[in-house]
$ cat coords24.txt   # compact mmCIF, C-alpha atoms
# COMPACT_ATOMS: atom_id res chain seq x y z
CA MET A 1 0.00 0.00 0.00
CA MET A 2 2.79 2.36 0.96
CA ARG A 3 4.52 1.62 -2.33
CA TYR A 4 1.44 2.66 -4.30
CA LEU A 5 1.10 5.84 -2.28
CA ALA A 6 4.78 6.62 -2.86
CA LEU A 7 4.34 5.99 -6.58
CA ILE A 8 1.34 8.32 -6.76
CA PHE A 9 3.29 10.95 -4.82
CA VAL A 10 6.28 10.73 -7.18
CA ILE A 11 4.04 10.94 -10.25
CA ALA A 12 2.29 13.99 -8.78
CA ILE A 13 5.65 15.66 -8.14
CA LEU A 14 7.11 14.96 -11.54
CA SER A 15 4.10 15.79 -13.67
CA GLY A 16 2.28 19.08 -14.03
CA CYS A 17 -1.29 18.55 -12.99
CA THR A 18 -3.02 21.89 -13.51
CA HIS A 19 -3.01 24.32 -16.37
CA SER A 20 -4.39 27.82 -16.48
CA LEU A 21 -5.00 30.28 -19.29
CA HIS A 22 -4.41 33.87 -18.22
CA VAL A 23 -4.90 35.84 -21.42
CA SER A 24 -6.27 35.14 -24.87
CA HIS A 25 -6.17 38.16 -27.15
CA VAL A 26 -7.26 38.41 -30.78
CA SER A 27 -6.00 41.24 -32.93
CA ASP A 28 -7.80 42.95 -35.78
CA PHE A 29 -8.06 41.97 -39.43
CA SER A 30 -7.24 45.27 -41.05
CA PRO A 31 -7.96 45.47 -44.77
CA THR A 32 -5.34 44.07 -47.12
CA PHE A 33 -7.34 44.16 -50.35
CA LYS A 34 -6.20 40.58 -50.84
CA PRO A 35 -8.28 37.46 -50.21
CA TYR A 36 -7.74 35.91 -46.81
CA ALA A 37 -7.66 32.49 -48.45
CA ARG A 38 -4.22 33.41 -49.75
CA GLY A 39 -3.02 33.70 -46.20
CA GLU A 40 -0.95 31.06 -44.45
CA LEU A 41 -1.29 30.16 -40.78
CA VAL A 42 1.89 30.94 -38.88
CA LYS A 43 2.63 30.03 -35.26
CA ALA A 44 5.27 30.82 -32.70
CA GLN A 45 5.74 29.67 -29.13
CA ALA A 46 8.15 30.38 -26.30
CA GLU A 47 8.28 29.20 -22.73
CA GLN A 48 9.89 29.90 -19.39
CA PHE A 49 10.44 27.40 -16.61
CA THR A 50 10.53 28.74 -13.08
CA VAL A 51 10.98 27.31 -9.60
CA LEU A 52 8.88 29.17 -7.02
CA GLY A 53 8.65 32.13 -9.39
CA PHE A 54 12.32 33.09 -9.14
CA VAL A 55 12.89 34.57 -12.60
CA GLY A 56 14.16 38.04 -13.42
CA ASP A 57 12.65 38.73 -16.83
CA THR A 58 9.86 37.95 -19.26
CA ASN A 59 12.03 37.87 -22.37
CA TYR A 60 10.37 34.69 -23.62
CA VAL A 61 7.51 36.89 -24.86
CA ASP A 62 9.89 38.86 -27.07
CA GLU A 63 11.34 35.57 -28.28
CA ALA A 64 7.88 34.39 -29.39
CA TYR A 65 7.29 37.72 -31.17
CA ALA A 66 10.63 37.47 -32.99
CA LYS A 67 9.82 33.90 -34.07
CA LEU A 68 6.41 34.96 -35.38
CA GLN A 69 7.95 37.74 -37.44
CA ALA A 70 10.62 35.39 -38.77
CA SER A 71 7.92 32.99 -39.94
CA CYS A 72 6.41 35.67 -42.17
CA PRO A 73 9.31 37.80 -43.41
CA ASN A 74 7.64 39.54 -46.34
CA GLY A 75 4.03 39.63 -45.34
CA VAL A 76 1.44 41.15 -43.09
CA ILE A 77 0.42 39.05 -40.10
CA GLN A 78 -3.20 39.58 -39.19
CA GLY A 79 -5.84 38.14 -36.91
CA ILE A 80 -3.18 37.25 -34.36
CA THR A 81 -4.27 35.19 -31.38
CA THR A 82 -1.98 35.63 -28.39
CA GLN A 83 -2.32 33.15 -25.55
CA TYR A 84 -0.52 33.31 -22.25
CA SER A 85 -0.85 30.21 -20.08
CA THR A 86 0.85 28.33 -17.26
CA SER A 87 1.32 24.64 -16.57
CA HIS A 88 1.89 23.97 -12.89
CA GLY A 89 4.19 21.40 -11.37
CA PHE A 90 5.36 20.74 -7.85
CA PHE A 91 6.71 24.07 -6.53
CA SER A 92 7.56 24.91 -10.12
CA TRP A 93 5.71 25.88 -13.25
CA THR A 94 6.18 26.71 -16.93
CA ASN A 95 4.82 29.85 -18.54
CA TYR A 96 3.90 29.63 -22.21
CA VAL A 97 3.20 32.32 -24.78
CA GLU A 98 1.75 31.18 -28.05
CA MET A 99 1.04 33.44 -31.01
CA GLN A 100 -0.65 32.46 -34.23
CA GLY A 101 -1.88 34.55 -37.10
CA LEU A 102 -2.55 34.73 -40.80
CA CYS A 103 0.47 35.61 -42.94
CA ILE A 104 -0.57 37.40 -46.12
CA LYS A 105 2.38 37.77 -48.45
CA GLN A 106 2.76 41.04 -50.29
CA MET B 1 31.89 23.19 23.16
CA GLU B 2 29.74 26.15 24.05
CA LYS B 3 32.06 28.45 22.07
CA MET B 4 31.77 26.22 19.01
CA GLY B 5 27.97 26.28 19.29
CA ARG B 6 27.97 30.09 19.43
CA THR B 7 30.21 30.31 16.36
CA MET B 8 27.92 27.97 14.44
CA PHE B 9 24.90 30.02 15.50
CA LYS B 10 26.57 33.26 14.36
CA ASN B 11 27.55 31.74 11.02
CA GLY B 12 24.01 30.46 10.53
CA LEU B 13 22.62 33.87 11.34
CA LYS B 14 24.95 35.56 8.85
CA LEU B 15 24.02 33.04 6.17
CA SER B 16 20.30 33.57 6.80
CA LEU B 17 20.73 37.33 6.68
CA ALA B 18 22.64 37.12 3.39
CA ALA B 19 19.96 34.84 1.93
CA ALA B 20 17.20 37.22 3.07
CA LEU B 21 19.01 40.19 1.49
CA ILE B 22 19.58 38.37 -1.79
CA ILE B 23 15.95 37.28 -1.96
CA GLY B 24 14.70 40.71 -0.88
CA PHE B 25 16.66 42.67 -3.47
CA SER B 26 16.35 40.33 -6.43
CA GLY B 27 13.05 40.95 -8.12
CA CYS B 28 10.87 38.15 -9.39
CA ALA B 29 9.31 39.01 -12.74
CA SER B 30 5.87 37.82 -13.73
CA LEU B 31 3.61 38.62 -16.63
CA ASN B 32 0.10 39.95 -16.13
CA SER B 33 -1.00 40.25 -19.73
CA VAL B 34 0.32 40.29 -23.27
CA SER B 35 -1.26 41.36 -26.56
CA LEU B 36 -0.18 41.82 -30.15
CA THR B 37 -1.79 43.76 -33.00
CA SER B 38 -1.40 43.11 -36.75
CA VAL B 39 2.24 43.02 -37.83
CA PRO B 40 3.17 44.98 -40.98
CA ALA B 41 5.32 43.66 -43.82
CA HIS B 42 7.66 46.63 -43.71
CA ARG B 43 9.43 46.57 -40.37
CA THR B 44 12.07 49.18 -40.88
CA HIS B 45 11.11 51.75 -38.29
CA PRO B 46 10.68 50.16 -34.84
CA VAL B 47 9.30 52.18 -31.97
CA LYS B 48 9.41 51.32 -28.30
CA THR B 49 8.19 52.76 -25.05
CA GLU B 50 8.36 51.66 -21.45
CA ARG B 51 6.63 53.04 -18.38
CA SER B 52 6.78 51.81 -14.83
CA LYS B 53 5.56 52.60 -11.36
CA TRP B 54 6.79 51.60 -7.92
CA ILE B 55 4.13 50.37 -5.55
CA VAL B 56 4.72 49.91 -1.82
CA LEU B 57 2.55 47.45 0.11
CA GLY B 58 0.02 47.44 -2.72
CA LEU B 59 -0.99 51.04 -2.12
CA ASN B 60 -1.80 52.18 -5.64
CA PHE B 61 -4.46 54.73 -6.41
CA ASP B 62 -4.26 55.12 -10.19
CA ASN B 63 -2.79 53.58 -13.33
CA ASP B 64 -2.08 56.84 -15.12
CA PHE B 65 1.50 55.86 -15.89
CA VAL B 66 0.18 53.77 -18.80
CA ASP B 67 -1.26 56.85 -20.53
CA ASP B 68 2.25 58.26 -20.95
CA ALA B 69 3.22 55.17 -22.94
CA VAL B 70 0.56 55.90 -25.56
CA GLU B 71 1.65 59.53 -25.81
CA ASP B 72 5.26 58.47 -26.20
CA LEU B 73 4.42 56.13 -29.08
CA LYS B 74 2.52 58.96 -30.77
CA ARG B 75 5.54 61.24 -30.40
CA GLN B 76 7.80 58.66 -32.04
CA CYS B 77 5.50 58.30 -35.05
CA PRO B 78 3.89 61.70 -35.60
CA ASN B 79 2.94 61.31 -39.27
CA GLY B 80 2.31 57.61 -39.51
CA ARG B 81 0.58 54.67 -37.95
CA VAL B 82 1.94 52.35 -35.28
CA THR B 83 1.15 48.67 -35.82
CA GLY B 84 2.53 45.34 -34.72
CA ILE B 85 2.37 46.54 -31.14
CA LEU B 86 3.49 43.97 -28.59
CA THR B 87 2.29 45.12 -25.19
CA LYS B 88 3.58 43.50 -22.01
CA ASP B 89 2.19 44.27 -18.59
CA GLU B 90 4.49 42.80 -15.97
CA VAL B 91 5.30 42.98 -12.30
CA ILE B 92 8.75 42.79 -10.75
CA ALA B 93 8.08 41.80 -7.16
CA TYR B 94 10.36 42.43 -4.18
CA VAL B 95 9.54 41.65 -0.55
CA LEU B 96 7.35 44.57 0.47
CA PHE B 97 7.17 46.52 -2.76
CA TRP B 98 6.93 45.89 -6.46
CA LYS B 99 7.27 47.56 -9.80
CA ARG B 100 4.54 47.59 -12.41
CA ARG B 101 6.00 47.91 -15.90
CA VAL B 102 4.25 48.30 -19.22
CA THR B 103 6.35 47.85 -22.37
CA ALA B 104 5.04 48.45 -25.89
CA THR B 105 7.07 47.80 -29.03
CA GLY B 106 5.85 48.19 -32.59
CA TYR B 107 6.56 49.60 -36.02
CA CYS B 108 5.88 53.07 -37.38
CA LEU B 109 4.48 53.05 -40.87
CA ALA B 110 5.13 56.40 -42.43
CA ARG B 111 2.78 57.89 -44.97
CA SER B 112 4.05 57.67 -48.52
CA ALA B 113 4.12 60.87 -50.59
CA GLY B 114 1.26 59.68 -52.80
CA GLN B 115 -0.92 58.94 -49.81
CA SER B 116 -0.15 62.32 -48.29
CA ALA B 117 -1.26 64.09 -51.45
CA LYS B 118 -4.39 61.94 -51.65
CA SER B 119 -5.25 62.48 -48.02
CA SER B 120 -4.72 66.21 -48.27
CA ARG B 121 -7.56 66.32 -50.75
CA LYS B 122 -9.84 64.62 -48.26
CA SER B 123 -11.69 66.51 -45.63
CA ALA B 124 -9.95 67.00 -42.34
CA SER B 125 -12.55 64.97 -40.48
CA GLU B 126 -12.22 61.93 -42.70
CA PRO B 127 -9.80 59.33 -41.33
CA HIS B 128 -6.75 58.56 -43.38
CA ASP B 129 -6.81 55.25 -45.20
CA PHE B 130 -3.47 53.51 -45.17
CA GLY B 131 -4.77 50.86 -47.50
CA SER B 132 -3.19 47.52 -47.55
CA GLU B 133 -0.53 48.24 -45.21
CA VAL B 134 -0.04 50.98 -45.95
CA HIS B 135 2.55 51.26 -48.46

$ encode --input "coords24.txt" --output "structure tokens"
Amino acid sequence: MMRYLALIFVIAILSGCTHSLHVSHVSDFSPTFKPYARGELVKAQAEQFTVLGFVGDTNYVDEAYAKLQASCPNGVIQGITTQYSTSHGFFSWTNYVEMQGLCIKQ
Amino acid sequence: MEKMGRTMFKNGLKLSLAAALIIGFSGCASLNSVSLTSVPAHRTHPVKTERSKWIVLGLNFDNDFVDDAVEDLKRQCPNGRVTGILTKDEVIAYVLFWKRRVTATGYCLARSAGQSAKSSRKSASEPHDFGSEVH
């Protein structure tokens, strides 16, 4: 019995068991005078692992933004969904920022 | 034996004090919100602004510091439009006080000469149309 309890305890420690979404933001679709069907879905994600919240910056957001721009070098990115979420572990958690939008090449 | 115990106690106290100071003066950053508006194809003129406010014991009576950020972006792009704005609202927390910081980065799309001439023919109240991005 104790072995099973220990196993459950270890699994609970090593695996994140809750997830929370803090922000979900959708940007505008400003006019391009080009059909949206020509657009291509582009995505970018960055993350930050932290133990007890001891981190000194939020640069992973800028990293996600840079990746999104790199995925659509010569186009307009519209209808961007920005999600900020956290997956919790045992005294530690991982913050995620995910951006996805429609790349319309010029 | 008693002397050794005292020395160990003093060393422990010093270590605890040092740890408390390090923890107290190293801020922990966390994100409150993030948003991004449509990103332009021409990303040659980046603009950036940052505004912050110190808050002690949570005593905060307004959020007016954010308004300055908008004005600053307008100043950096007086004759154009700012798009691709990444806005971060974050908190850097210390023990009894924290710093609220809002950072906005984007791109200034300047009006082309043709658009300026076209818009000058429009009435002053009519908003300027930057077209497909504006270039």

$ interface_residues --input "coords24.txt" --of "chain A" --to "chain B" --cutoff "10 Å" --atoms "only C-alpha atoms" --output "NGL selection string"
:A and (22-34 or 52-58 or 61-62 or 65 or 68-69 or 72-84 or 95 or 97 or 99 or 101-106)

$ atom_distance --input "coords24.txt" --atom1 "CA of Phe91 (chain A)" --atom2 "CA of Thr50 (chain A)"
8.9 Å

$ residues_around --input "coords24.txt" --residues "Ile55 (chain B)" --least-positions-apart "2" --cutoff "7 Å" --atoms "all atoms listed in the file" --output "list in words"
Lys53, Leu57, Gly58, Leu59, Asn60, Phe97, Trp98 and Lys99 of chain B

$ atom_distance --input "coords24.txt" --atom1 "CA of Tyr60 (chain A)" --atom2 "CA of Ala46 (chain A)"
5.5 Å

$ atom_distance --input "coords24.txt" --atom1 "CA of Val82 (chain B)" --atom2 "CA of Cys108 (chain B)"
4.5 Å

$ residues_around --input "coords24.txt" --residues "Asp64 (chain B)" --least-positions-apart "6" --cutoff "12 Å" --atoms "all atoms listed in the file" --output "MDAnalysis selection string"
chainID B and resid 51:53 70:71 100 102

$ closest_residue --input "coords24.txt" --among "B:Lys10, B:Trp54, B:Leu21, B:Val47" --to "Arg75 (chain B)" --atoms "all atoms listed in the file"
B:Val47
